[in-house]
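Structure first, then comments.
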Amino acid sequence: MNSIGRRLLLLVPTVLGVLTLVFFLVHLIPGDPVELMLGETASRADLSQLRADLGLDRPLGEQYARFLGGLAHGDLGRSFFYRKPVFAVIGGALPATALLAAAAMAVALLIALPIGIIAAVRRDTLTDRMAMVGSLLGVSMPNFWLGPLLIILFSFRLGWLPVSGKEGAASLILPASTLGTALAAILARMTRASMLDVLGEDYLRTARAKGVGPVTVVVRHALRNALLPVVTIVGLQFGALLSGAVITENVFAWPGVGTLLIQAITARDYPLVQGCVLVIALCYVFVNFLTDVLYALIDPRVRT
């Protein structure tokens, strides 16, 4: 319990450091949000008035202090562009990002675990080499290249799936596959390496000597003990999916936090940018925390 408490306390300076860095970097981006909102033809009086209404006429240090004060009360301010509370705007986009991340993780696990297990069981065979070559290709393909390639093939050429947007389950297939492919390649290699470390253990030889079937030996005994490093990667990468979805969401016009973040940066919507980064950072560190807790459920030795 003390360990969990210490981990929770460490989350506070981590998130605060990320927000501080983003706050000052976002204000260094060239461009005036007031001019973007009113247009180049607006008068100086109108620009000054809106700048004062938004609090952008105050010193940067004072703006930062007000930002921290609002954050302490659960208030991230109002979006410049949407003219609504930041939490409300993000709340409308977060379910789409969570759905995409969960679907991408499901795709990755469905591909990676069988490939990693089979490659380990058939070590140094043609199957093993093909699996590792395929995983290398998966790691090497960036999302911004793979996404358009899948669109050209399955949307334009074959006409099986929608090009973009969020319209039913079919529209989830391409972005989830794009986001999950690279992760599947990483998990497959990790599963294979972890399984190879376990397959030579004495307790597995004992199980085989007792007449336990090969499938039971691999799935029930070997896989469970090989899962700990795999869970580490899954936890870290699931947090990364939430932040890495920025590119994929924009390629497929998926209405999630990633698309919202790009729009906010383009519009110089400082409160919304800070809110999106806060949500992404919180999701990342929270998933890592849950990963540590899951260790104890998989391996009782971690509890001590």
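Note on naming: chains are A, B, ... as they come in the structure tokens, residues start from 1 per chain, ligands start from 1 in the order shown.
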
Please produce, as JSON lines, a per-residue contact table for region 59-117 of chain A versus region 171-195 of chain A (criterion: any atom at most 12 Å away, only C-alpha atoms considered), showing the nearest atom pair and its distance in Å to one decimal, sorted by chain then residue number.
```
{"residue": "A:Ala96", "atom": "CA", "partner": "A:Leu172", "partner_atom": "CA", "distance": 9.9}
{"residue": "A:Thr97", "atom": "CA", "partner": "A:Ala176", "partner_atom": "CA", "distance": 10.6}
{"residue": "A:Ala98", "atom": "CA", "partner": "A:Ala176", "partner_atom": "CA", "distance": 11.2}
{"residue": "A:Leu99", "atom": "CA", "partner": "A:Leu172", "partner_atom": "CA", "distance": 8.7}
{"residue": "A:Leu100", "atom": "CA", "partner": "A:Ala176", "partner_atom": "CA", "distance": 5.9}
{"residue": "A:Ala101", "atom": "CA", "partner": "A:Ala176", "partner_atom": "CA", "distance": 7.4}
{"residue": "A:Ala102", "atom": "CA", "partner": "A:Ala176", "partner_atom": "CA", "distance": 8.5}
{"residue": "A:Ala103", "atom": "CA", "partner": "A:Ala176", "partner_atom": "CA", "distance": 5.6}
{"residue": "A:Ala104", "atom": "CA", "partner": "A:Ala176", "partner_atom": "CA", "distance": 4.3}
{"residue": "A:Met105", "atom": "CA", "partner": "A:Gly180", "partner_atom": "CA", "distance": 6.0}
{"residue": "A:Ala106", "atom": "CA", "partner": "A:Gly180", "partner_atom": "CA", "distance": 7.8}
{"residue": "A:Val107", "atom": "CA", "partner": "A:Gly180", "partner_atom": "CA", "distance": 5.7}
{"residue": "A:Ala108", "atom": "CA", "partner": "A:Ala184", "partner_atom": "CA", "distance": 4.1}
{"residue": "A:Leu109", "atom": "CA", "partner": "A:Ala184", "partner_atom": "CA", "distance": 6.4}
{"residue": "A:Leu110", "atom": "CA", "partner": "A:Ala184", "partner_atom": "CA", "distance": 8.2}
{"residue": "A:Ile111", "atom": "CA", "partner": "A:Ala184", "partner_atom": "CA", "distance": 6.1}
{"residue": "A:Ala112", "atom": "CA", "partner": "A:Ala188", "partner_atom": "CA", "distance": 4.2}
{"residue": "A:Leu113", "atom": "CA", "partner": "A:Ala188", "partner_atom": "CA", "distance": 6.1}
{"residue": "A:Pro114", "atom": "CA", "partner": "A:Ala188", "partner_atom": "CA", "distance": 8.0}
{"residue": "A:Ile115", "atom": "CA", "partner": "A:Ala188", "partner_atom": "CA", "distance": 6.1}
{"residue": "A:Gly116", "atom": "CA", "partner": "A:Arg192", "partner_atom": "CA", "distance": 4.4}
{"residue": "A:Ile117", "atom": "CA", "partner": "A:Arg192", "partner_atom": "CA", "distance": 5.9}
```

Please tabulate, as CSV, the residues of region 143-213 of chain A that come within 10 Å of region 255-274 of chain A, each with its closest pair of atoms and the distance in Å to one decimal, counting only C-alpha atoms and ordering rows by chain, then residue number upward.
```
residue,atom,partner,partner_atom,distance
A:Ser164,CA,A:Pro255,CA,9.9
A:Gly165,CA,A:Pro255,CA,7.1
A:Lys166,CA,A:Pro255,CA,7.1
```

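Closest to Val12 (chain A) among A:Leu38, A:Leu56, A:Ala72, A:Val89 is A:Ala72, based on only C-alpha atoms.
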
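Near Ala170 (chain A), within 10 Å and counting only C-alpha atoms, sit Trp160, Leu161, Pro162 and Val163 of chain A, not including residues fewer than 6 positions from it in the same chain.
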
Could you write out the selected residues, including N, CA and C atoms, as a compact mmCIF listing (two decimals), in the first residue's frame?
```
# COMPACT_ATOMS: atom_id res chain seq x y z
N TRP A 160 -14.36 -1.55 -49.84
CA TRP A 160 -14.92 -2.32 -48.73
C TRP A 160 -15.21 -1.48 -47.49
N LEU A 161 -14.37 -0.47 -47.25
CA LEU A 161 -14.44 0.26 -45.99
C LEU A 161 -14.50 1.76 -46.25
N PRO A 162 -15.11 2.53 -45.33
CA PRO A 162 -15.17 3.98 -45.51
C PRO A 162 -13.79 4.62 -45.42
N VAL A 163 -13.63 5.75 -46.08
CA VAL A 163 -12.34 6.43 -46.13
C VAL A 163 -12.00 7.07 -44.79
```
